[in-house]
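Below is the file my_file.pdb, which contains PDB, C-alpha atoms.
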ATOM      1  CA  MET A1054     182.150  54.976  90.767
ATOM      2  CA  THR A1055     184.188  55.644  87.633
ATOM      3  CA  GLU A1056     183.724  54.461  84.083
ATOM      4  CA  ALA A1057     186.841  52.305  84.476
ATOM      5  CA  SER A1058     185.400  50.558  87.540
ATOM      6  CA  LEU A1059     182.299  49.335  85.672
ATOM      7  CA  THR A1060     182.105  45.653  84.792
ATOM      8  CA  PRO A1061     181.543  44.805  81.109
ATOM      9  CA  ALA A1062     178.001  43.664  81.929
ATOM     10  CA  MET A1063     177.159  46.942  83.637
ATOM     11  CA  ARG A1064     178.802  48.984  80.894
ATOM     12  CA  THR A1065     176.732  47.129  78.273
ATOM     13  CA  LEU A1066     173.491  47.570  80.232
ATOM     14  CA  ARG A1067     174.142  51.273  80.768
ATOM     15  CA  GLY A1068     174.728  51.618  77.048
ATOM     16  CA  GLN A1069     171.483  49.779  76.263
ATOM     17  CA  LEU A1070     169.532  52.022  78.610
ATOM     18  CA  GLY A1071     171.167  55.160  77.315
ATOM     19  CA  VAL A1072     172.706  56.013  80.702
ATOM     20  CA  PRO A1073     175.361  58.669  80.057
ATOM     21  CA  PRO A1074     178.989  57.813  80.838
ATOM     22  CA  VAL A1075     180.202  58.562  84.349
ATOM     23  CA  ASP A1076     181.759  62.028  84.411
ATOM     24  CA  PRO A1077     185.110  61.565  86.164
ATOM     25  CA  ALA A1078     184.900  65.081  87.571
ATOM     26  CA  TRP A1079     181.812  64.043  89.577
ATOM     27  CA  ALA A1080     182.896  60.518  90.475
ATOM     28  CA  HIS A1081     184.399  61.416  93.830
ATOM     29  CA  VAL A1082     182.022  64.055  95.176
ATOM     30  CA  ALA A1083     179.535  63.327  97.975
ATOM     31  CA  GLU A1084     176.214  61.751  97.075
ATOM     32  CA  ASP A1085     174.110  64.812  97.949
ATOM     33  CA  THR A1086     176.330  66.990  95.776
ATOM     34  CA  ARG A1087     176.066  64.507  92.904
ATOM     35  CA  LEU A1088     172.272  64.616  93.257
ATOM     36  CA  LEU A1089     172.312  68.409  93.193
ATOM     37  CA  GLY A1090     174.471  68.294  90.088
ATOM     38  CA  TRP A1091     172.102  65.787  88.514
ATOM     39  CA  MET A1092     169.116  68.054  89.249
ATOM     40  CA  LEU A1093     170.915  71.079  87.791
ATOM     41  CA  ASN A1094     171.678  69.105  84.640
ATOM     42  CA  ALA A1095     168.047  67.938  84.556
ATOM     43  CA  SER A1096     167.025  71.583  84.163
ATOM     44  CA  ARG A1097     168.650  71.683  80.686
ATOM     45  CA  PRO A1098     168.353  72.908  77.990
ATOM     46  CA  TRP A1099     169.628  76.269  79.157
ATOM     47  CA  PRO A1100     168.986  79.324  77.016
ATOM     48  CA  GLU A1101     171.972  81.585  76.421
ATOM     49  CA  ALA A1102     170.862  83.992  79.132
ATOM     50  CA  ALA A1103     170.785  81.274  81.787
ATOM     51  CA  ALA A1104     173.689  79.034  80.811
ATOM     52  CA  PRO A1105     176.586  80.970  82.412
ATOM     53  CA  VAL A1106     174.804  81.172  85.777
ATOM     54  CA  LEU A1107     173.863  77.489  85.878
ATOM     55  CA  GLU A1108     177.217  76.303  84.488
ATOM     56  CA  GLY A1109     178.921  78.353  87.194
ATOM     57  CA  LEU A1110     176.818  76.731  89.906
ATOM     58  CA  LEU A1111     177.542  73.245  88.576
ATOM     59  CA  GLU A1112     181.257  73.972  88.738
ATOM     60  CA  ALA A1113     181.026  75.539  92.194
ATOM     61  CA  HIS A1114     179.313  72.482  93.660
ATOM     62  CA  ARG A1115     181.533  70.027  91.817
ATOM     63  CA  ASP A1116     184.681  71.820  92.966
ATOM     64  CA  GLY A1117     183.448  72.297  96.549
ATOM     65  CA  VAL A1118     183.755  76.089  96.549
ATOM     66  CA  GLU A1119     183.664  77.400 100.133
ATOM     67  CA  ASP A1120     184.270  81.129  99.684
ATOM     68  CA  PRO A1121     181.133  82.946 100.996
ATOM     69  CA  ALA A1122     181.754  85.912  98.683
ATOM     70  CA  SER A1123     181.673  83.610  95.671
ATOM     71  CA  TRP A1124     178.331  82.149  96.766
ATOM     72  CA  ARG A1125     176.902  85.628  97.381
ATOM     73  CA  ARG A1126     177.941  86.573  93.864
ATOM     74  CA  SER A1127     176.195  83.454  92.539
ATOM     75  CA  ARG A1128     173.029  84.382  94.431
ATOM     76  CA  ARG A1129     173.030  87.880  92.969
ATOM     77  CA  GLU A1130     173.405  86.409  89.471
ATOM     78  CA  ALA A1131     170.561  83.963  90.168
ATOM     79  CA  VAL A1132     168.264  86.749  91.332
ATOM     80  CA  ALA A1133     169.157  88.843  88.285
ATOM     81  CA  LEU A1134     168.129  85.877  86.143
ATOM     82  CA  SER A1135     164.827  85.257  87.908
ATOM     83  CA  ASP A1136     163.902  88.969  87.839
ATOM     84  CA  ASN A1137     162.746  88.526  84.266
ATOM     85  CA  ASP A1138     159.636  88.914  82.118
ATOM     86  CA  ASP A1139     160.227  85.563  80.407
ATOM     87  CA  ARG A1140     158.700  82.876  82.606
ATOM     88  CA  LEU A1141     161.158  80.229  81.449
ATOM     89  CA  LEU A1142     164.068  82.397  82.604
ATOM     90  CA  VAL A1143     162.240  83.141  85.857
ATOM     91  CA  LEU A1144     161.935  79.418  86.562
ATOM     92  CA  LEU A1145     165.537  78.715  85.596
ATOM     93  CA  GLY A1146     166.493  81.596  87.872
ATOM     94  CA  LYS A1147     164.573  79.934  90.704
ATOM     95  CA  VAL A1148     166.584  76.756  90.127
ATOM     96  CA  ALA A1149     169.736  78.860  90.279
ATOM     97  CA  GLU A1150     168.562  80.674  93.433
ATOM     98  CA  ALA A1151     167.946  77.334  95.126
ATOM     99  CA  ALA A1152     171.320  75.949  94.096
ATOM    100  CA  ALA A1153     173.353  79.042  94.973
ATOM    101  CA  TRP A1154     174.339  77.850  98.442
ATOM    102  CA  PRO A1155     176.898  75.346  99.642
ATOM    103  CA  LEU A1156     175.148  72.155 100.691
ATOM    104  CA  ALA A1157     176.980  71.788 103.996
ATOM    105  CA  ASP A1158     174.825  72.675 107.011
ATOM    106  CA  ALA A1159     171.762  73.583 104.905
ATOM    107  CA  GLY A1160     168.584  71.619 105.499
ATOM    108  CA  ALA A1161     166.751  73.275 102.619
ATOM    109  CA  GLY A1162     169.493  72.729 100.030
ATOM    110  CA  LEU A1163     168.110  69.826  98.048
ATOM    111  CA  THR A1164     164.376  70.318  98.642
ATOM    112  CA  GLU A1165     164.489  73.861  97.254
ATOM    113  CA  VAL A1166     166.276  72.688  94.121
ATOM    114  CA  LEU A1167     163.808  69.819  93.706
ATOM    115  CA  THR A1168     160.807  72.139  93.952
ATOM    116  CA  ALA A1169     162.306  74.682  91.551
ATOM    117  CA  LEU A1170     163.268  71.950  89.067
ATOM    118  CA  CYS A1171     159.800  70.391  89.129
ATOM    119  CA  HIS A1172     158.093  73.765  88.598
ATOM    120  CA  LEU A1173     160.392  74.292  85.600
ATOM    121  CA  ARG A1174     159.620  70.832  84.202
ATOM    122  CA  ALA A1175     155.892  71.479  84.710
ATOM    123  CA  TRP A1176     156.065  74.762  82.775
ATOM    124  CA  ARG A1177     158.001  73.131  79.946
ATOM    125  CA  ALA A1178     155.324  70.413  79.789
ATOM    126  CA  ALA A1179     152.670  73.122  79.549
ATOM    127  CA  LEU A1180     154.588  74.835  76.735
ATOM    128  CA  ALA A1181     154.843  71.497  74.903
ATOM    129  CA  THR A1182     151.034  71.399  74.620
ATOM    130  CA  GLY A1183     151.144  74.690  72.701
ATOM    131  CA  TRP A1184     150.320  76.790  75.758
ATOM    132  CA  THR A1185     152.068  80.158  75.896
ATOM    133  CA  GLN A1186     152.880  82.764  78.483
ATOM    134  CA  ALA A1187     150.272  85.020  76.856
ATOM    135  CA  ASP A1188     147.660  82.241  77.114
ATOM    136  CA  ASP A1189     148.537  81.859  80.763
ATOM    137  CA  ALA A1190     148.121  85.560  81.445
ATOM    138  CA  GLU A1191     144.783  85.581  79.615
ATOM    139  CA  ALA A1192     143.494  82.529  81.512
ATOM    140  CA  ILE A1193     144.520  83.952  84.874
ATOM    141  CA  SER A1194     142.868  87.250  84.036
ATOM    142  CA  ILE A1195     139.611  85.539  82.996
ATOM    143  CA  LEU A1196     139.591  83.206  86.008
ATOM    144  CA  THR A1197     140.243  86.131  88.330
ATOM    145  CA  LEU A1198     137.278  88.035  86.889
ATOM    146  CA  ILE A1199     135.042  84.956  87.090
ATOM    147  CA  GLY A1200     136.160  84.291  90.663
ATOM    148  CA  ALA A1201     135.395  87.889  91.616
ATOM    149  CA  GLY A1202     131.875  87.575  90.210
ATOM    150  CA  GLU A1203     132.418  90.143  87.452
ATOM    151  CA  GLY A1204     129.108  90.918  85.730
ATOM    152  CA  VAL A1205     126.993  88.769  88.050
ATOM    153  CA  ASP A1206     125.211  89.396  91.337
ATOM    154  CA  ALA A1207     127.449  87.239  93.503
ATOM    155  CA  ALA A1208     130.842  85.578  93.248
ATOM    156  CA  PRO A1209     130.429  81.944  92.159
ATOM    157  CA  ALA A1210     131.282  78.982  94.352
ATOM    158  CA  ARG A1211     134.719  77.532  93.686
ATOM    159  CA  GLU A1212     133.303  74.417  91.966
ATOM    160  CA  GLN A1213     131.301  76.584  89.546
ATOM    161  CA  ILE A1214     134.347  78.382  88.169
ATOM    162  CA  PRO A1215     135.561  75.701  85.672
ATOM    163  CA  GLY A1216     132.078  75.483  84.145
ATOM    164  CA  LEU A1217     131.797  79.254  83.835
ATOM    165  CA  PHE A1218     135.253  79.385  82.222
ATOM    166  CA  ALA A1219     134.277  76.673  79.707
ATOM    167  CA  GLU A1220     131.023  78.461  78.919
ATOM    168  CA  ALA A1221     132.619  81.850  78.324
ATOM    169  CA  HIS A1222     135.865  80.767  76.590
ATOM    170  CA  PRO A1223     135.469  77.151  75.414
ATOM    171  CA  ALA A1224     138.576  76.994  73.218
ATOM    172  CA  LEU A1225     140.894  78.544  75.768
ATOM    173  CA  GLU A1226     139.419  76.441  78.585
ATOM    174  CA  LYS A1227     140.042  73.241  76.634
ATOM    175  CA  ARG A1228     143.693  74.163  76.085
ATOM    176  CA  PHE A1229     143.968  75.325  79.690
ATOM    177  CA  VAL A1230     142.839  71.928  80.966
ATOM    178  CA  ALA A1231     145.237  70.124  78.597
ATOM    179  CA  GLN A1232     148.241  72.132  79.737
ATOM    180  CA  LEU A1233     147.199  71.788  83.376
ATOM    181  CA  ARG A1234     147.069  68.003  83.090
ATOM    182  CA  ALA A1235     150.431  67.901  81.325
ATOM    183  CA  SER A1236     151.910  70.268  83.870
ATOM    184  CA  ASN A1237     150.662  68.288  86.875
ATOM    185  CA  ALA A1238     151.860  65.007  85.364
ATOM    186  CA  ALA A1239     155.311  66.481  84.702
ATOM    187  CA  PHE A1240     155.570  67.809  88.251
ATOM    188  CA  SER A1241     154.748  64.387  89.713
ATOM    189  CA  ALA A1242     157.085  62.629  87.282
ATOM    190  CA  CYS A1243     159.900  64.997  88.245
ATOM    191  CA  ARG A1244     159.540  64.126  91.934
ATOM    192  CA  ALA A1245     159.377  60.422  91.083
ATOM    193  CA  GLU A1246     162.519  60.710  88.979
ATOM    194  CA  VAL A1247     164.452  62.267  91.847
ATOM    195  CA  ALA A1248     163.073  59.657  94.262
ATOM    196  CA  ALA A1249     164.271  56.937  91.871
ATOM    197  CA  TRP A1250     167.719  58.563  91.729
ATOM    198  CA  ILE A1251     167.919  58.524  95.530
ATOM    199  CA  ALA A1252     166.636  54.946  95.752
ATOM    200  CA  GLY A1253     169.180  53.870  93.134
ATOM    201  CA  ALA A1254     172.009  55.617  94.935
ATOM    202  CA  GLY A1255     171.043  53.878  98.162
ATOM    203  CA  ARG A1256     171.119  50.370  96.706
TER     204      ARG A1256
ATOM    205  CA  MET B 741     161.706  73.345 115.362
ATOM    206  CA  ALA B 742     165.176  74.784 114.972
ATOM    207  CA  GLU B 743     166.839  76.106 118.091
ATOM    208  CA  ASN B 744     167.293  79.522 116.470
ATOM    209  CA  ILE B 745     163.554  80.075 116.059
ATOM    210  CA  THR B 746     161.264  81.294 118.833
ATOM    211  CA  VAL B 747     157.771  79.852 118.590
ATOM    212  CA  ILE B 748     155.125  82.365 119.683
ATOM    213  CA  SER B 749     151.992  80.632 120.895
ATOM    214  CA  GLY B 750     150.174  83.528 122.550
ATOM    215  CA  GLU B 751     149.370  87.146 121.788
ATOM    216  CA  SER B 752     152.642  88.706 122.888
ATOM    217  CA  LEU B 753     156.085  89.043 121.342
ATOM    218  CA  ASP B 754     157.651  89.099 124.834
ATOM    219  CA  PRO B 755     159.338  85.682 124.366
ATOM    220  CA  LEU B 756     161.006  87.009 121.218
ATOM    221  CA  ASP B 757     161.875  90.393 122.701
ATOM    222  CA  ALA B 758     163.513  88.599 125.616
ATOM    223  CA  VAL B 759     166.051  86.918 123.343
ATOM    224  CA  THR B 760     166.456  89.598 120.670
ATOM    225  CA  GLY B 761     169.028  91.875 122.296
ATOM    226  CA  GLU B 762     170.520  94.254 119.709
ATOM    227  CA  ARG B 763     169.450  92.076 116.798
ATOM    228  CA  ALA B 764     166.691  92.709 114.272
ATOM    229  CA  GLN B 765     163.605  90.515 114.311
ATOM    230  CA  MET B 766     161.975  88.510 111.569
ATOM    231  CA  LEU B 767     158.372  87.486 112.215
ATOM    232  CA  VAL B 768     157.137  84.554 110.158
ATOM    233  CA  PHE B 769     153.336  84.363 110.189
ATOM    234  CA  SER B 770     152.082  80.971 109.045
ATOM    235  CA  ALA B 771     149.271  78.440 109.483
ATOM    236  CA  THR B 772     149.158  74.677 109.872
ATOM    237  CA  TRP B 773     147.113  74.314 106.667
ATOM    238  CA  CYS B 774     149.396  76.543 104.591
ATOM    239  CA  GLY B 775     151.343  74.542 101.987
ATOM    240  CA  PRO B 776     153.763  77.324 101.004
ATOM    241  CA  CYS B 777     154.521  77.867 104.721
ATOM    242  CA  LYS B 778     155.516  74.216 105.077
ATOM    243  CA  ALA B 779     157.524  74.337 101.871
ATOM    244  CA  MET B 780     159.404  77.402 103.097
ATOM    245  CA  ALA B 781     160.020  76.120 106.648
ATOM    246  CA  PRO B 782     163.420  74.475 105.934
ATOM    247  CA  ALA B 783     164.596  77.688 104.249
ATOM    248  CA  VAL B 784     163.508  79.753 107.262
ATOM    249  CA  GLU B 785     165.383  77.376 109.570
ATOM    250  CA  ASP B 786     168.542  77.654 107.470
ATOM    251  CA  ILE B 787     168.268  81.444 107.393
ATOM    252  CA  ALA B 788     167.610  81.624 111.144
ATOM    253  CA  ARG B 789     170.814  79.661 111.704
ATOM    254  CA  ALA B 790     172.863  81.636 109.163
ATOM    255  CA  TYR B 791     171.715  85.013 110.528
ATOM    256  CA  ALA B 792     171.600  84.038 114.211
ATOM    257  CA  ASP B 793     174.089  86.785 115.090
ATOM    258  CA  SER B 794     172.051  89.571 113.531
ATOM    259  CA  VAL B 795     168.406  88.463 113.379
ATOM    260  CA  ALA B 796     166.061  86.841 115.923
ATOM    261  CA  VAL B 797     163.422  84.784 114.130
ATOM    262  CA  ALA B 798     159.933  83.982 115.449
ATOM    263  CA  LYS B 799     157.284  81.718 114.026
ATOM    264  CA  ILE B 800     153.702  82.779 114.704
ATOM    265  CA  ASP B 801     150.632  80.681 113.893
ATOM    266  CA  ILE B 802     147.871  83.082 112.879
ATOM    267  CA  GLU B 803     145.186  80.797 114.344
ATOM    268  CA  ALA B 804     146.956  80.468 117.688
ATOM    269  CA  SER B 805     147.763  84.191 117.784
ATOM    270  CA  PRO B 806     144.929  85.988 115.953
ATOM    271  CA  ALA B 807     145.406  89.280 117.801
ATOM    272  CA  LEU B 808     149.071  89.414 116.803
ATOM    273  CA  ALA B 809     148.116  88.644 113.205
ATOM    274  CA  GLN B 810     145.604  91.490 113.342
ATOM    275  CA  GLN B 811     148.075  93.842 114.994
ATOM    276  CA  PHE B 812     150.540  93.246 112.139
ATOM    277  CA  GLU B 813     147.768  93.388 109.514
ATOM    278  CA  VAL B 814     148.452  89.901 108.233
ATOM    279  CA  ARG B 815     146.097  89.214 105.315
ATOM    280  CA  GLY B 816     147.692  86.056 103.959
ATOM    281  CA  VAL B 817     150.293  83.468 104.844
ATOM    282  CA  PRO B 818     153.158  83.209 104.849
ATOM    283  CA  THR B 819     153.798  86.835 105.774
ATOM    284  CA  LEU B 820     157.355  87.811 106.657
ATOM    285  CA  ILE B 821     158.024  90.992 108.596
ATOM    286  CA  VAL B 822     161.481  92.291 109.466
ATOM    287  CA  ARG B 823     161.665  94.727 112.378
ATOM    288  CA  ARG B 824     164.450  96.753 113.838
ATOM    289  CA  GLY B 825     164.089  98.802 117.014
ATOM    290  CA  GLY B 826     160.374  98.067 117.026
ATOM    291  CA  GLN B 827     159.892  99.457 113.513
ATOM    292  CA  GLN B 828     158.949  97.421 110.451
ATOM    293  CA  VAL B 829     161.733  97.704 107.867
ATOM    294  CA  ALA B 830     160.652  95.040 105.366
ATOM    295  CA  ARG B 831     157.610  92.955 104.596
ATOM    296  CA  HIS B 832     156.813  90.192 102.138
ATOM    297  CA  VAL B 833     153.682  88.121 101.568
ATOM    298  CA  GLY B 834     154.121  84.696  99.984
ATOM    299  CA  GLY B 835     156.797  82.042  99.855
ATOM    300  CA  GLN B 836     160.423  83.071  99.466
ATOM    301  CA  SER B 837     163.531  81.135  98.553
ATOM    302  CA  ARG B 838     166.506  81.147 100.912
ATOM    303  CA  THR B 839     168.269  83.446  98.489
ATOM    304  CA  ARG B 840     165.423  85.986  98.512
ATOM    305  CA  LEU B 841     165.144  85.749 102.295
ATOM    306  CA  ALA B 842     168.858  86.381 102.654
ATOM    307  CA  MET B 843     168.736  89.377 100.321
ATOM    308  CA  MET B 844     165.708  90.752 102.156
ATOM    309  CA  LEU B 845     167.596  90.526 105.446
ATOM    310  CA  ASP B 846     170.802  91.930 103.951
ATOM    311  CA  GLU B 847     168.898  94.962 102.687
ATOM    312  CA  ALA B 848     166.775  95.395 105.804
ATOM    313  CA  VAL B 849     169.359  94.858 108.483
ATOM    314  CA  GLU B 850     171.826  97.697 108.392
ATOM    315  CA  GLY B 851     175.253  96.258 109.139
ATOM    316  CA  GLY B 852     173.813  92.760 109.325
ATOM    317  CA  ALA B 853     175.641  89.608 108.347
ATOM    318  CA  SER B 854     175.621  88.420 104.772
ATOM    319  CA  ALA B 855     174.976  84.680 104.566
TER     320      ALA B 855
END
Is it possible to give me this structure as structure tokens?
Amino acid sequence: MTEASLTPAMRTLRGQLGVPPVDPAWAHVAEDTRLLGWMLNASRPWPEAAAPVLEGLLEAHRDGVEDPASWRRSRREAVALSDNDDRLLVLLGKVAEAAAWPLADAGAGLTEVLTALCHLRAWRAALATGWTQADDAEAISILTLIGAGEGVDAAPAREQIPGLFAEAHPALEKRFVAQLRASNAAFSACRAEVAAWIAGAGR
Amino acid sequence: MAENITVISGESLDPLDAVTGERAQMLVFSATWCGPCKAMAPAVEDIARAYADSVAVAKIDIEASPALAQQFEVRGVPTLIVRRGGQQVARHVGGQSRTRLAMMLDEAVEGGASA
């Protein structure tokens, strides 16, 4: 499909729905590669530290790069990105790690990118609630101590942990639950969005 | 299951040793109830195919092979162990991407293929 091949009715509808114009550079690539490109683009915005790696992967897939050495170089760059203290860069690095392979003859190609993308979207949804990486570290630390039975005779049952968290740190627990709900909803929505892309491509 | 993966269903690695030859081995300890193991399975299959010339891969269910899991001190799943000449040369607990698996094998397998 190219922009020129669209009927006026379809062009108008796409405009109404805010569907971006067809990129001619992607118009003739295989459907699975277009999906991978769509998922990579769905991981935007890219901070400065991540952009060169992800831009490079987009181009490599679009141009059908076959050189194994080039892909190995991409994988090393992806790992360098995900070996990071900033969780956002870690998750973008995971997207890059997943995408740093040619799609041909790789069963895991698209599922790994999907999983990495949805984890990234989930984290961004958590951040949008005001949750921070420091909050996350604090919550994990508290929950770990509660789970281990710190300061009590016996470790609590799993179902007791949320109540103990709320009792000891009510403000943090409230924000924790909010970000968790947002995060879970974003993860599910991400999978649904990709499923809709595939269903649309198949029609 | 991919043709490049040996499924161990007992308490011996003999079926894997029989097909290993000069290659290294990667043992993948998993469990039927383990979500990360299922999520990682396609990556393991891809890696087993890509490294077929240099690494023999085995999948071991810790509930079907508890003595093997104990012998290799498996405390959680998935656990990945790379062996060469009967010696453990790398170990990782938890899910890994294909990229991390490939790098682990590249580092662990001296002279091994780079996928």
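Residue nearest chain B, chosen from A:Ala1062, A:Ala1252, A:Ala1080, A:Ala1152 and counting only C-alpha atoms: A:Ala1152.
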**Message:** Once the PyMOL selection byres ((chain B and resi 747) around 7) has been evaluated on this model, what residues remain selected, and can you format them as an NGL selection string?
**Reply:** :B and (745-746 or 748-749 or 798-800)
**Asked** If you apply the PyMOL selection byres ((chain B and resi 770) around 6) to this file, what residues do you get, as number ranges by chain?
**Response** B: 769, 771, 777, 801, 817-818
Please provide the set of residues having any atom within 9 Å of A:Arg1128, restricted to only C-alpha atoms, with same-chain residues fewer than 5 positions apart removed, written as a PDB file with C-alpha atoms, in the coordinates of the input.
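Ended up saving to out32.pdb:
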ATOM      1  CA  SER A1123     181.673  83.610  95.671  1.00  0.00           C
ATOM      2  CA  ALA A1133     169.157  88.843  88.285  1.00  0.00           C
ATOM      3  CA  ALA A1149     169.736  78.860  90.279  1.00  0.00           C
ATOM      4  CA  GLU A1150     168.562  80.674  93.433  1.00  0.00           C
ATOM      5  CA  ALA A1151     167.946  77.334  95.126  1.00  0.00           C
ATOM      6  CA  ALA A1152     171.320  75.949  94.096  1.00  0.00           C
ATOM      7  CA  ALA A1153     173.353  79.042  94.973  1.00  0.00           C
ATOM      8  CA  TRP A1154     174.339  77.850  98.442  1.00  0.00           C
TER       9      TRP A1154
ATOM     10  CA  THR B 839     168.269  83.446  98.489  1.00  0.00           C
ATOM     11  CA  ARG B 840     165.423  85.986  98.512  1.00  0.00           C
ATOM     12  CA  MET B 843     168.736  89.377 100.321  1.00  0.00           C
TER      13      MET B 843
END
Care to translate the ChimeraX specification (/B :<6) & /A into actual residues of this file, as a CSV table (one decimal) with C-alpha atoms, in the coordinates of the input?
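Printed below is part.csv as written:
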chain,number,residue,atom,x,y,z
A,1150,GLU,CA,168.6,80.7,93.4
A,1159,ALA,CA,171.8,73.6,104.9
A,1160,GLY,CA,168.6,71.6,105.5
A,1161,ALA,CA,166.8,73.3,102.6
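Once B:Met844 and its same-chain neighbours fewer than 2 positions away are set aside, Val1132 of chain A; Met766, Ile787, Tyr791, Val795, Leu820, Ile821, Val822, Arg823, Val829, Ala830, Arg831, His832, Gln836, Ser837, Arg838, Thr839, Arg840, Leu841, Ala842, Asp846, Glu847, Ala848, Val849, Glu850, Gly852, Ala853, Ser854 and Ala855 of chain B remain within 12 Å of it when counting only C-alpha atoms.
Considering only C-alpha atoms, the residue among A:Leu1217, A:Val1205, A:Cys1243, A:Val1148 positioned nearest to A:Leu1163 is A:Val1148.
Our summary of the geometry notes that atom CA of A:Cys1171 is positioned 13.9 Å from atom CA of A:Leu1233.
A straight line drawn from atom CA of B:Thr819 to atom CA of B:Val833 is 4.4 Å long.
If you look at atom CA of A:Pro1155 and atom CA of A:Leu1107, they are 14.3 Å away from each other.
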Write out as JSON an axis-aligned box for stretch 753-769 of chain B: all of its atoms listed in the file, 6 Å added on each side, centre and edge lengths in Å with one decimal.
{"center_x": 161.9, "center_y": 89.3, "center_z": 117.9, "size_x": 29.2, "size_y": 21.9, "size_z": 27.5}
**Prompt:** Near A:Ala1157, within 10 Å and counting all atoms listed in the file, which residues show up once chain neighbours fewer than 3 positions away are dropped, as number ranges by chain?
**Reply:** A: 1085-1086, 1117, 1119, 1154, 1160, 1162
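Excluding stretch 1177-1181 of chain A and any residue on its chain fewer than 3 positions from it, the residues at most 8 Å away by only C-alpha atoms are A:Leu1141, A:Leu1173, A:Arg1174, A:Trp1184, A:Thr1185, A:Gln1232, A:Leu1233, A:Ala1235, A:Ser1236, A:Ala1239.
Neighbours of A:Arg1087 closer than or equal to 12 Å, with all atoms listed in the file counted and sequence neighbours fewer than 4 positions away skipped, come out as A:Met1054, A:Val1075, A:Asp1076, A:Pro1077, A:Ala1078, A:Trp1079, A:Ala1080, A:His1081, A:Val1082, A:Ala1083, A:Trp1091, A:Met1092, A:Leu1093, A:Asn1094, A:Leu1111, A:Glu1112, A:His1114, A:Arg1115, A:Asp1116, A:Gly1117, A:Leu1156, A:Leu1163, A:Val1247, A:Trp1250, A:Ile1251, A:Ala1254.
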